[in-house]
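Participant: Below you'll find the structure I mean.
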Amino acid sequence: MFYNEALGDALRLEMERDARVIVMGEDIAEHGGAFQVTAGLLDAFGPTRIRQTPISELGIVGAAVGAALTGLRPIVELMYVDFAGLAMDQLVNQAAQNRFMFGGQARVPMVMRTQGGSGRGNAAQHSKSLEAWFTHVAGLKVVMPSTPADAKGLLTSSIRDDDPVIFLEHKLLYRTKGQVPTGEYLVPLGKADVKRAGTDLTIVTWSREVLFSLEAAEKLAAGGVEAEVIDLRSLVPLDRDAVLASVRKTHRLLVVHEAIKRGGFGGEIAAMVAEEAFDDLDAPPRRLAGLETPIPYAQHLEKTVVPQVDDIVRVARELVA
Amino acid sequence: MFYNEALGDALRLEMERDARVIVMGEDIAEHGGAFQVTAGLLDAFGPTRIRQTPISELGIVGAAVGAALTGLRPIVELMYVDFAGLAMDQLVNQAAQNRFMFGGQARVPMVMRTQGGSGRGNAAQHSKSLEAWFTHVAGLKVVMPSTPADAKGLLTSSIRDDDPVIFLEHKLLYRTKGQVPTGEYLVPLGKADVKRAGTDLTIVTWSREVLFSLEAAEKLAAGGVEAEVIDLRSLVPLDRDAVLASVRKTHRLLVVHEAIKRGGFGGEIAAMVAEEAFDDLDAPPRRLAGLETPIPYAQHLEKTVVPQVDDIVRVARELVA
Amino acid sequence: MDKATALDLYRVMRRIRDFEERATVLFGEGKLWGTIHSYAGEEGIAAGVCAHLRDDDWITSTHRGHGHCIAKRADLGRMYAELLGRETGYCRGRGGSMHIADTSKGNLGANGIVGGGIPIATGAALTAKQLGTDQVAVSFFGDGAANQGAFHESANLAAIWKLPVIYVCENNQYAESLPVKNAFAIEDISRRAEGYGMPGVRVNGRDVRAVYDAAGELIARARRGEGPAFLVADTYRHEGHYYGDPRKYQTKDEIEGWKARFDPLVDTRAWITDAKLATTAELDAIDAEVIEEAKAAVAWAEAGPPASPISLPGDVYASY
Amino acid sequence: MDKATALDLYRVMRRIRDFEERATVLFGEGKLWGTIHSYAGEEGIAAGVCAHLRDDDWITSTHRGHGHCIAKRADLGRMYAELLGRETGYCRGRGGSMHIADTSKGNLGANGIVGGGIPIATGAALTAKQLGTDQVAVSFFGDGAANQGAFHESANLAAIWKLPVIYVCENNQYAESLPVKNAFAIEDISRRAEGYGMPGVRVNGRDVRAVYDAAGELIARARRGEGPAFLVADTYRHEGHYYGDPRKYQTKDEIEGWKARFDPLVDTRAWITDAKLATTAELDAIDAEVIEEAKAAVAWAEAGPPASPISLPGDVYASY
Ligand SMILES: Cc1ncc(C[n+]2csc(CCOP(=O)(O)OP(=O)(O)O)c2C)c(N)n1
Ligand SMILES: Cc1ncc(C[n+]2csc(CCOP(=O)(O)OP(=O)(O)O)c2C)c(N)n1
Ligand SMILES: [Mg+2]
Ligand SMILES: [Mg+2]
């Protein structure tokens with residue numbers, strides 16, 4: 001099953017299970033969503049539960065906050081994470097903080113599904129990776145699945161979660177295939193997944209870079225280097241134990257993400273490991289991430305600004321050398 | 001001279017020097033700004049250069065982008081950094097990226113002045129520290145002065161800078177006093193300042209925590225521990241050399257900031273040092289930062305969620321123990 | 001208007017005025033933290049609108065939210081306790097004046113973000129529509145908030161979806177130091193409703209009867225499923241924007257002139273007695289009751305324990 | 001209308017149509033990357049509006065920006081070069097279709113953020129006002145963008161400051177798959193102007209003459225310092241939202257019906273010849289010139305060097 005179908009499967013099952021679950025967003029009705037995640041849901045649930053909205057990101061996200069506070073479990077599809085800049089106020093000052101500010105009176109069970117990343121020539125305003133912003137907000141959870149099965153299981157858990165969840169997909173993962181359990185399937189938030197076991201270094205990564213890292217791991221294995229690839233799956237809550245346990249075994253850390261390096265979540269991981277497992281490290285923790293630039297349009301340039309498989313191989317080799 | 005007066009001094013001098021410099025924002029005219037930074041400027045320059053705006057953060061910041069693209073050098077006063085969530089799109093997708101997206105055709109010489117931080121009982125929507133968001137945006141510069149002199153010198157440089165600068169003040173620094181050079185005074189962006197020399201550990205910090213760190217350093221000195229306190233002053237550009245040189249001397253790093261720890265810029269500093277100066281470190285790099293919570297209202301609670309002087313002393317002692 | 005309604009409106013307005021005066025004193029005594037924004041002069045709007053609301057109807061409020069909270073039948077003791085940073089406060093001392101909420105009475109919270117409550121009320125109305133109830137949502141906000149994009153986007157959503165929400169704009173002539181005449185190129189803010197396809201009504205917000213009547217119709221209409229409306233109530237804030245506002249942007253004459261022209265409490269007493277709905281003595285009795293109630297509330301609040309230490313992640317996350 | 005103006009409008013419209021057709025072919029050949037949005041059917045709006053603009057006037061454009069760019073006198077070769085990712089492109093291959101800008105001609109750029117250009121044009125108008133010039137700014141955007149908060153906040157700013165900016169809303173009946181009737185509870189979008197205190201004019205955007213006349217008045221008015229205006233031009237996009245749009249949300253009949261009812265190029269030829277402003281032969285000659293010019297432009301673009309590698313920090317920062 002494709003990644004986008006797995007997401008649609010989770011939406012359909014949760015909407016059948018709970019009438020309070022609704023989806024709001026742009027282009028999600030007849031068109032089925034910019035990436036065909038909601039395809040077929042309009043026919044199944046009708047226009048009141050698959051609410052196609054005007055282009056009003058702040059209003060839509062804010063309406064979801066209000067709906068969540070009063071009894072619905074809304075899911076907002078934000079077409080590109082790059083548009084989050086328009087809705088940050090409702091996400092950060094309202095959704096994330098209501099529970100705390102109101103002394104526990106309120107719950108905001110909403111999910112904002114969106115997608116980021118480069119690779120399709122969509123250029124600077126449609127290709128960013130902004131997970132770091134959301135991880136820096138007390139009150140939000142941040143989920144980033146890399147496989148169809150995780151996409152289904154994590155989305156299901158996110159919809160059932162009573163806190164606001166930022167669910168970040170990747171535009172180039174939608175057409176990736178994988179085995180997906182049929183029927184109800186949950187993957188808990190806050191549990192990383194060892195996508196490949198290894199002994200020589202730990203690669204901590206998420207979203208599309210998980211696939212690149214696994215490819216890189218195969219190439220490294222050919223050269224006798226066994227990389228352990230940890231897919232964080234959710235950045236908040238963060239599975240610190242999984243990361244630390246692996247580093248204590250391999251004694252080497254490489255964090256890989258597509259977002260620009262400066263201020264990226266890779267800094268959090270590398271700093272946390274340096275702080276908690278300093279003596280277990282046989283080499284400096286390394287980060288491989290996007291260059292500090294917006295994403296360029298030209299096809300031959302786009303790949304040059306975010307980590308590719310060979311970049312991971314190169315840095316991993318330096319790390320174990 | 002007070003910090004807010006030093007800022008006003010820089011504004012006045014730059015407005016006298018360059019007719020293209022204008023200020024836009026809420027409450028900046030008769031009232032003189034929420035923190036009295038623009039006090040007196042309305043009388044000096046009139047309502048067309050001190051443009052009091054309606055409450056339309058996205059529109060104001062966007063208008064500044066357009067004005068900057070066409071020949072003015074606008075300064076926007078955003079009353080609280082917490083409101084940035086409303087204006088992020090214009091800052092990130094437009095101001096920060098125009099030069100790159102347009103292949104170098106455009107320049108966006110604008111400054112967004114705003115202030116953050118807790119300590120005044122303004123609660124969760126008026127007390128955040130969000131510098132990490134801006135550092136993670138390719139195309140923005142991020143400046144955070146801790147003293148009146150730096151405030152004047154860095155604001156002057158920011159106004160003359162041809163890139164968009166996010167200038168972050170702290171609400172509890174406005175009424176701090178210090179010597180300020182009279183007349184034209186520039187402090188270059190990208191140069192950290194060693195606010196106190198020391199040999200036993202390096203404290204890297206910025207904004208109000210610089211003052212706390214200096215106080216802590218005195219207490220530590222009483223106990224025979226000499227802390228070097230580095231005030232980054234600008235996070236972007238970052239003075240990596242100053243940080244690395246100090247750590248290579250003291251062999252110990254403590255990063256202190258008020259923003260919540262998770263996803264904070266402290267991770268960038270600690271990771272960078274662990275990566276570049278691993279062998280120079282005699283102890284794990286430590287971060288002391290805000291707890292992962294919105295800022296509470298109650299006076300006796302507010303202080304408990306962000307680093308205080310004694311917290312810095314305690315962690316520094318652990319670090320050198 | 002019948003006697004019970006009139007006296008209830010008066011009682012609510014008196015409660016609000018008394019609360020603002022008492023909170024100001026407490027602030028002066030250094031017992032409060034942060035800042036407070038007085039609703040004095042605007043009492044008739046919250047009272048007149050909320051008189052039509054049930055406990056299961058929702059409101060979103062503003063930084064100037066004490067009045068809305070009281071009109072929505074909040075417990076005064078828990079309000080004072082919140083201002084005093086007590087565990088017994090509505091928000092356990094975490095929110096303070098700018099974030100008081102009482103979800104048990106449908107108050108989805110004061111808001112420190114100007115315009116921040118507008119999309120939230122719109123979403124609450126969506127819940128009512130989605131679940132097929134006859135609940136309504138009211139969003140209170142100021143003239144300043146009407147220039148926020150959040151208002152535009154929300155009003156349009158409500159109009160196309162025919163949501164049961166009333167947008168109540170309290171035009172008190174200023175947004176902090178910015179006079180409305182410098183913030184709008186139109187004189188009548190309610191005309192904006194036309195651009196969304198909803199009724200726009202302008203009332204004299206200084207007269208609680210006018211507000212009561214106008215709000216009654218629009219709320220009933222929304223309950224019947226006939227969609228949203230925009231109600232603009234013209235008023236004036238008797239006090240500064242916040243406690244301690246030097247008010248450099250206003251003249252003494254202007255302020256005194258307005259105060260001389262109207263005081264919702266005085267005016268309400270006048271029409272109630274003129275209409276022979278009640279005697280001065282009856283109104284004085286209400287005042288006395290309100291004062292007793294308030295004193296007891298403050299005493300209860302001050303006796304409450306300080307807000308408990310922040311506990312994480314529980315205070316921030318429902319589950320983690 | 002005089003002959004020169006009529007023929008220039010026609011030439012610009014033909015250039016735009018030809019560009020969209022050629023770009024579509026190039027995309028089909030796999031020479032382009034990302035996505036493109038065709039302006040076919042809407043040519044008269046960009047042509048009619050920009051005919052009144054000087055090179056030192058500014059425009060902000062949209063994701064559907066080729067037409068605006070061409071009407072603002074951009075060089076076709078550099079446009080094609082940008083689409084082809086060449087160093088000789090307007091943005092050195094960094095921007096692509098959705099970000100073409102030509103600041104030398106006052107085009108402040110296409111924009112991938114719906115509504116993103118509206119505040120920017122407003123700011124450009126502020127520059128004109130501040131510096132006391134008679135320049136004007138025009139912001140082109142779609143019906144969908146009119147529901148963005150950015151429109152609301154900008155329109156109000158322009159109105160209160162009397163800025164020389166014209167907001168041109170191209171109502172092509174859809175925002176991606178969302179029909180305008182589901183996005184607005186009003187039939188005439190131009191009515192929103194009333195809420196800001198600026199003139200609102202609705203024209204038949206399918207008729208370049210109507211657009212030319214209406215835009216001419218509003219732009220002249222803005223140049224005279226009389227403030228902003230809102231111009232809504234009704235039209236229909238002949239193609240899908242983007243190259244490859246399955247258009248599930250439209251029926252064949254609807255699409256064919258609109259195309260049968262109007263084609264700006266055909267209609268413009270018709271009235272020009274009917275009005276005896278030019279002969280069919282003259283128009284055919286223009287078509288031939290446009291085709292030659294375009295072929296040369298594509299050839300020049302394809303001969304250009306690929307975009308140079310990203311160089312940091314210089315590509316991102318003016319100084320660092
Ligand atoms: C988004 C945002 N911008 C600015 C502020 C600062 N601020 C607080 S109240 C206020 C004025 C609000 O005016 P209005 O909406 O008319 O309400 P009023 O205070 O008059 O009741 C401003 C600008 C804020 N809290 N939030
Ligand atoms: C802020 C934002 N939201 C959503 C999108 C996705 N998107 C691109 S074009 C478009 C439709 C725009 O409709 P309209 O403004 O009518 O312009 P048109 O495409 O019809 O010319 C949408 C929703 C976007 N690019 N930016
Ligand atoms: Mg007001
Ligand atoms: Mg459209």
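As shown in the structure tokens, the chain order sets the letters A, B, ...; within each chain, residues go from 1, and ligands are also counted from 1 in the order they appear.
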Which chain A residues have any atom within 12 Å of an atom of ligand 1, and for each, what is the nearest pair of atoms with distance in Å to one decimal, counting only C-alpha atoms and all ligand atoms, rows sorted by chain and number, as a tab-separated table?
Facilitator:
```
residue	atom	partner	partner_atom_place_in_ligand_line	distance
A:Met88	CA	ligand 1	1 (C)	11.8
A:Asp89	CA	ligand 1	1 (C)	8.5
A:Gln90	CA	ligand 1	1 (C)	10.8
A:Asn93	CA	ligand 1	1 (C)	10.0
A:Gln94	CA	ligand 1	1 (C)	11.9
```
Participant: Store the residues of this selection in a file with C-alpha atoms, as a compact mmCIF listing (two decimals), in the first residue's frame.
Facilitator:
```txt
# COMPACT_ATOMS: atom_id res chain seq x y z
CA MET A 88 1.40 29.73 13.89
CA ASP A 89 -0.51 32.00 16.24
CA GLN A 90 -3.42 29.63 16.61
CA ASN A 93 -0.59 30.76 21.42
CA GLN A 94 -3.88 28.91 21.41
```
Participant: Kindly assemble as a tab-separated table a list of the chain A residues that lie within 12 Å of chain D, each paired with its nearest atom pair and their distance in Å to one decimal, using only C-alpha atoms, sorted first by chain and then by ascending residue number.
Facilitator:
```
residue	atom	partner	partner_atom	distance
A:Gly25	CA	D:Leu178	CA	10.8
A:Glu26	CA	D:Leu178	CA	7.9
A:Asp27	CA	D:Ser177	CA	5.7
A:Ile28	CA	D:Ser177	CA	8.6
A:Ala29	CA	D:Ser177	CA	8.2
A:Glu30	CA	D:Tyr249	CA	5.7
A:His31	CA	D:Lys248	CA	6.1
A:Gly32	CA	D:Lys248	CA	9.3
A:Gly33	CA	D:Ser177	CA	9.6
A:Ala34	CA	D:Glu176	CA	9.6
A:Ala39	CA	D:Lys248	CA	11.3
A:Pro47	CA	D:Asn182	CA	11.3
A:Arg51	CA	D:Asn182	CA	10.9
A:Gln52	CA	D:Leu178	CA	7.6
A:Thr53	CA	D:Ala183	CA	7.3
A:Pro54	CA	D:Ala183	CA	5.4
A:Ile55	CA	D:Gly144	CA	5.9
A:Ser56	CA	D:Gln148	CA	5.1
A:Glu57	CA	D:Gln148	CA	7.8
A:Leu58	CA	D:Gly149	CA	7.9
A:Gly59	CA	D:Gly149	CA	8.5
A:Ile60	CA	D:Gln148	CA	10.8
A:Met79	CA	D:Ile113	CA	11.3
A:Tyr80	CA	D:Ile113	CA	10.1
A:Val81	CA	D:Ile113	CA	11.6
A:Asp82	CA	D:Ile113	CA	8.7
A:Phe83	CA	D:Ile113	CA	7.4
A:Ala84	CA	D:Ile113	CA	11.0
A:Gly85	CA	D:Ile113	CA	10.4
A:Leu86	CA	D:Gly149	CA	9.0
A:Ala87	CA	D:Gly149	CA	10.7
A:Ser118	CA	D:Gly34	CA	10.4
A:Gly119	CA	D:Gly34	CA	8.9
A:Arg120	CA	D:Gly34	CA	5.6
A:Gly121	CA	D:Gly34	CA	3.9
A:Asn122	CA	D:Gly34	CA	4.9
A:Ala123	CA	D:Gly95	CA	6.3
A:Ala124	CA	D:Gly95	CA	7.4
A:Gln125	CA	D:Gly112	CA	6.0
A:His126	CA	D:Gly112	CA	7.5
A:Ser127	CA	D:Gly34	CA	10.8
A:Leu291	CA	D:Leu312	CA	8.6
A:Glu292	CA	D:Leu312	CA	7.8
A:Thr293	CA	D:Val316	CA	6.3
A:Pro294	CA	D:Val316	CA	7.7
A:Ile295	CA	D:Arg94	CA	7.9
A:Pro296	CA	D:Arg94	CA	4.5
A:Tyr297	CA	D:Arg94	CA	4.8
A:Ala298	CA	D:Gly85	CA	4.7
A:Gln299	CA	D:Trp33	CA	6.5
A:His300	CA	D:Ala307	CA	8.3
A:Leu301	CA	D:Pro309	CA	6.5
A:Glu302	CA	D:Arg94	CA	9.0
A:Lys303	CA	D:Ile310	CA	10.8
A:Thr304	CA	D:Ile310	CA	8.1
A:Val305	CA	D:Ile310	CA	8.0
A:Val306	CA	D:Ile310	CA	11.9
```
Participant: Show me which bits of chain C are within 10 Å of chain D, counting only C-alpha atoms, as a PyMOL selection string.
Facilitator: chain C and resi 146-162+181-198
Participant: Write out as a PDB file with C-alpha atoms, in the first residue's frame which residues come within 7 Å of Ser139 in chain C when counting only C-alpha atoms, dropping same-chain ones fewer than 6 positions away.
Facilitator:
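Output saved as around22.pdb:
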```pdb
ATOM      1  CA  ILE C  59     -18.114  32.765  24.339  1.00  0.00           C
ATOM      2  CA  THR C  60     -14.574  33.791  23.579  1.00  0.00           C
ATOM      3  CA  SER C  61     -13.296  36.827  25.382  1.00  0.00           C
ATOM      4  CA  GLY C 117     -10.647  34.275  20.145  1.00  0.00           C
ATOM      5  CA  ILE C 118     -12.473  34.977  16.903  1.00  0.00           C
ATOM      6  CA  ALA C 121     -15.604  30.940  18.645  1.00  0.00           C
ATOM      7  CA  ILE C 166     -22.265  36.253  16.693  1.00  0.00           C
ATOM      8  CA  TYR C 167     -19.275  38.539  16.334  1.00  0.00           C
ATOM      9  CA  VAL C 168     -19.600  41.283  18.908  1.00  0.00           C
TER      10      VAL C 168
END
```
